[in-house]
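All remarks here apply to the structure that follows.
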Amino acid sequence: MQARKEKIVLILPNHLGDVVMATPALRALHHGRPMAEIHAVIREELAAVLGGSSWIQRLWMHSVYATRNPLQRLARRLVLARALRGMDCVIVLPNSFSSALLAFAMRAPRRVGYKRAGRGWLLTDVLPPLRENGRVVPIAMERYYLDLVGHLGCPDTGTTLELFTDAESVRECDALFRRHGIDPDRPLVCFAPGAGFGPSKLWPLRYVAEVARKLLDEGLQVALVHAPGEEALAEEILALTGPGPACLGGEGMNLALLKAVLAHANLLICNDAGARHIAAAFRVPTLVMMGPTSIRYTNLNLRLTRLLREPVECSPCQLQVCPIDHRCMTRLLPSRVLGEAHAALSDEGWQGDVQLELRG
C-alpha cells in the first residue's frame, strides 16, 4: 500500500515583488521535502508569475481582495480554508493577522509563521522576528521567508531569485515585438514607471520621459512596460517624449508576458516595485529609483541591480504618500540616471550594488 504523501501549503504574499522574493523559499521546500505534495495560496492576479515552476503541485488562486467589504473578505477566506482542509502543514509567509486566521481555519495540525500582529495563538510553530531594542529589524525578504522553511528542516538552497517563462508567452512576446517594430537583436531599454505601493515610490514622470527621450535620440530602442490600470502614467510619459517609445503595457500586459518581455531587455529602469525583482530573476541589469522604502527589505540579489538614492533626512519613511515635497525622488536627477544607464549598457563588467548585500 502506497504511503500517504505529506501535504504542505504555503500562504504566499500579496504583492508581486514579495512573491518573487519568496521563490528561494519555494525552491528550498521543494528540495527539502521532495516527496511532499506542495500547494500554494496566491492572489489570482499574481499566479502567472510562478508559471512554469515545477516546485508547486497546485496553486490555489483566490479573489479575497476583489472586494473591500471586510465581511465578504472573511467569507471568501473561510471558503478557501474549507477547501484546503486536509493539509498537514501551513507555512504563513505574510505577517498579517488575516493570513494566520486563514491558516487556523484550515485546521492543519502544524501552522508555521512569525509572531507578528498579535496572531501567535493562531499558529503552532511561532518564530520570533529579529528585534533590536524591542523593535522588529527589517531583513531581506528572501531570507525572512527562507527562515520559515528552514524551520521545517529544509536545506538552504541559496537566496537567488528564480522564475520561468513558457513557450506560449515567449511566442506572444515575439509577436508583440514585431507589432511595435522592436528588433530583438538590438539593445532594448525598458521603463516600468508604476508602483502598486503608492505614489511616494514613483520617480517623476517628467524625469522618466527625459531619460527615455535622450536614449531614443542616441538610437536605442525604448519600451514602456506598465500594468493594467497604469495607462495614465504611460500616456503622460508619451505626451512628454513624443514619438518613439513602444508602449508594451496596459490591458494586454499579464505577468507571464511581462516575464518574457523583461527577459529580453538589456536594461530595466524602474521604481522599487515588482518589475525589479522579475528582472533580477532573469539576470537583467536594472536601475532602481529608491526613495521612501528601506533597502534592508530588498538588499539581496543585487549583482546586476543598482539602487539609486538621494541622501535626504526623511528617507526611508515607508509612507505611501509623501506629506511634504517628495524630495527623495525629485532630487534624483535624470542626468545621474542617464549616466548610470550608459555605464550599464556599455560596460561588460558593470555590476550592481553587491556591497550592500553585506552591510545592509
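How things are named: the first chain in the C-alpha cells is A, the next is B, and so on; residues count from 1 in each chain; ligands count from 1 in the order shown.
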
(request) as number ranges by chain, list the residues of stretch 102-257 of chain A assigned to alpha helix (DSSP H) by DSSP on the backbone atoms of this structure. (result) A: 102-106, 141-150, 167-179, 205-217, 231-241, 255-257

Closest contacts (stretch 295-327 of chain A/stretch 158-179 of chain A, max 12 Å, only C-alpha atoms) as JSON lines:
{"residue": "A:Thr298", "atom": "CA", "partner": "A:Thr159", "partner_atom": "CA", "distance": 11.3}
{"residue": "A:Asn299", "atom": "CA", "partner": "A:Thr159", "partner_atom": "CA", "distance": 11.0}
{"residue": "A:Leu300", "atom": "CA", "partner": "A:Thr159", "partner_atom": "CA", "distance": 7.5}
{"residue": "A:Asn301", "atom": "CA", "partner": "A:Thr160", "partner_atom": "CA", "distance": 6.2}
{"residue": "A:Leu302", "atom": "CA", "partner": "A:Thr160", "partner_atom": "CA", "distance": 9.9}
{"residue": "A:Arg303", "atom": "CA", "partner": "A:Thr160", "partner_atom": "CA", "distance": 10.2}

Expected file: the selected residues, N, CA and C atoms, as an mmCIF file, in the first residue's frame:
data_model
loop_
_atom_site.group_PDB
_atom_site.id
_atom_site.type_symbol
_atom_site.label_atom_id
_atom_site.label_comp_id
_atom_site.auth_asym_id
_atom_site.auth_seq_id
_atom_site.Cartn_x
_atom_site.Cartn_y
_atom_site.Cartn_z
ATOM 1 N N THR A 298 15.197 44.566 0.825
ATOM 2 C CA THR A 298 15.475 44.047 -0.523
ATOM 3 C C THR A 298 16.961 44.083 -0.870
ATOM 4 N N ASN A 299 17.837 43.990 0.127
ATOM 5 C CA ASN A 299 19.278 44.110 -0.158
ATOM 6 C C ASN A 299 19.924 42.748 -0.413
ATOM 7 N N LEU A 300 19.268 41.955 -1.260
ATOM 8 C CA LEU A 300 19.844 40.732 -1.799
ATOM 9 C C LEU A 300 19.591 40.712 -3.310
ATOM 10 N N ASN A 301 20.308 39.844 -4.006
ATOM 11 C CA ASN A 301 20.162 39.727 -5.465
ATOM 12 C C ASN A 301 20.447 41.054 -6.165
ATOM 13 N N LEU A 302 21.543 41.687 -5.757
ATOM 14 C CA LEU A 302 21.916 42.993 -6.305
ATOM 15 C C LEU A 302 23.104 42.909 -7.262
ATOM 16 N N ARG A 303 23.438 41.719 -7.710
ATOM 17 C CA ARG A 303 24.615 41.576 -8.586
ATOM 18 C C ARG A 303 24.483 42.428 -9.843
#

(message) Which residues are near stretch 232-238 of chain A? Cut-off 9 Å, only C-alpha atoms, ignore same chain within fewer than 5 positions. Put them as a ChimeraX atom specification.
(response) /A:193-194,205-206,208-210,212,224-226,243-245,247,249-250

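Residue neighbourhood of A:Leu127, excluding near-sequence residues (fewer than 5 positions): Ile91, Val92, Leu93, Asn95, Arg111, Val112, Gly113, Tyr114, Lys115, Arg116, Arg119, Gly120, Tyr144, Tyr145, Asp147, Leu148, Val149, Gly150, His151 and Leu152 of chain A, at 12 Å, using only C-alpha atoms.
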
Which stretch 13-92 of chain A residues have any atom within 10 Å of an atom of stretch 281-292 of chain A, and for each, what is the nearest pair of atoms with distance in Å to one decimal, counting only C-alpha atoms, rows sorted by chain and number, as CSV?
residue,atom,partner,partner_atom,distance
A:Val20,CA,A:Ala281,CA,8.0
A:Met21,CA,A:Ala281,CA,9.3
A:Thr23,CA,A:Ala281,CA,9.5

(request) Rounded to one decimal place, report the atom CA of A:His180-atom CA of A:Gly274 distance in Å. (result) 24.0 Å

(message) So that I can check the surroundings of stretch 339-351 of chain A, please list as a ChimeraX atom specification every protein, DNA and RNA residue that reaches within 7 Å of it, counting only C-alpha atoms and ignoring chain neighbours fewer than 2 positions away.
(response) /A:285,303-304,335-337,353

Would you save the residues from that selection as a PDB file, in the first residue's frame, using N, CA and C atoms?
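Output (again-v7.pdb):
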ATOM      1  N   PRO A 285      20.291  43.655 -16.142  1.00  0.00           N
ATOM      2  CA  PRO A 285      20.771  44.859 -15.453  1.00  0.00           C
ATOM      3  C   PRO A 285      19.622  45.827 -15.175  1.00  0.00           C
ATOM      4  N   ARG A 303      23.438  41.719  -7.710  1.00  0.00           N
ATOM      5  CA  ARG A 303      24.615  41.576  -8.586  1.00  0.00           C
ATOM      6  C   ARG A 303      24.483  42.428  -9.843  1.00  0.00           C
ATOM      7  N   LEU A 304      23.273  42.529 -10.377  1.00  0.00           N
ATOM      8  CA  LEU A 304      23.034  43.339 -11.572  1.00  0.00           C
ATOM      9  C   LEU A 304      21.966  44.405 -11.316  1.00  0.00           C
ATOM     10  N   SER A 335      20.002  63.345 -15.148  1.00  0.00           N
ATOM     11  CA  SER A 335      21.399  63.280 -15.610  1.00  0.00           C
ATOM     12  C   SER A 335      22.147  62.141 -14.925  1.00  0.00           C
ATOM     13  N   ARG A 336      21.882  61.932 -13.644  1.00  0.00           N
ATOM     14  CA  ARG A 336      22.535  60.835 -12.921  1.00  0.00           C
ATOM     15  C   ARG A 336      22.069  59.487 -13.460  1.00  0.00           C
ATOM     16  N   VAL A 337      20.781  59.364 -13.671  1.00  0.00           N
ATOM     17  CA  VAL A 337      20.228  58.098 -14.153  1.00  0.00           C
ATOM     18  C   VAL A 337      20.735  57.812 -15.564  1.00  0.00           C
ATOM     19  N   ASP A 353      24.879  46.850  -6.861  1.00  0.00           N
ATOM     20  CA  ASP A 353      25.316  47.223  -5.516  1.00  0.00           C
ATOM     21  C   ASP A 353      25.542  45.996  -4.646  1.00  0.00           C
TER      22      ASP A 353
END

(request) Find the spatial neighbours of stretch 47-61 of chain A, counting only C-alpha atoms, within a cut-off of 8 Å - ignore same-chain residues fewer than 3 positions away - and output them as a list in words. (result) Leu16, Val20, Leu26, Arg27, His30, Glu37, Ile38, His39, Ala40, Val41, Ile42, Arg43, Glu44, Leu163, Phe164, Thr165, Asp166, Asn254, Leu255, Ala256 and Lys259 of chain A

Go ahead and write the residues just picked, C-alpha atoms, as a short mmCIF file (atom, residue, chain, number, x, y, z; two decimals), in the first residue's frame.
data_model
loop_
_atom_site.label_atom_id
_atom_site.label_comp_id
_atom_site.auth_asym_id
_atom_site.auth_seq_id
_atom_site.Cartn_x
_atom_site.Cartn_y
_atom_site.Cartn_z
CA LEU A 16 4.30 40.91 -6.84
CA VAL A 20 9.22 36.76 -6.45
CA LEU A 26 9.70 27.58 -2.59
CA ARG A 27 12.86 26.06 -4.07
CA HIS A 30 10.87 21.51 -2.92
CA GLU A 37 2.72 17.46 -2.17
CA ILE A 38 3.32 21.22 -2.22
CA HIS A 39 0.41 23.64 -2.58
CA ALA A 40 0.41 27.44 -2.59
CA VAL A 41 -2.29 30.04 -1.93
CA ILE A 42 -1.95 33.14 -4.09
CA ARG A 43 -3.92 36.11 -5.35
CA GLU A 44 -5.44 35.27 -8.72
CA LEU A 163 11.43 32.46 -12.42
CA PHE A 164 10.49 30.68 -15.62
CA THR A 165 8.91 31.57 -18.95
CA ASP A 166 6.61 29.37 -21.00
CA ASN A 254 -0.14 39.97 -17.97
CA LEU A 255 2.61 38.65 -15.72
CA ALA A 256 3.52 35.73 -17.97
CA LYS A 259 8.39 37.93 -17.67
#

(message) Need to verify the contact set: A:Ile324, 12 Å, only C-alpha atoms, exclusion of same-chain residues closer than 5 positions in sequence. Can you return it as a ChimeraX atom specification?
(response) /A:200,314-315,317,319,329-330

(request) Using backbone DSSP assignments, extract all strand (DSSP E) residues from stretch 79-173 of chain A; output them as a list in words. (result) Cys89, Val90, Ile91, Val92, Arg110, Arg111, Val112, Gly113, Tyr114, Asp125, Val126, Leu127, Arg131, Glu132, Arg135 and Val136 of chain A

(request) Give me, please, the distance in Å between atom CA of A:Asn14 and atom CA of A:Glu45, quoted to one decimal. (result) 9.8 Å

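Distances to A:Leu258 were evaluated for A:Ala105, A:Leu84, A:Ala227, A:Ala75 using only C-alpha atoms, and the minimum falls at A:Ala227.
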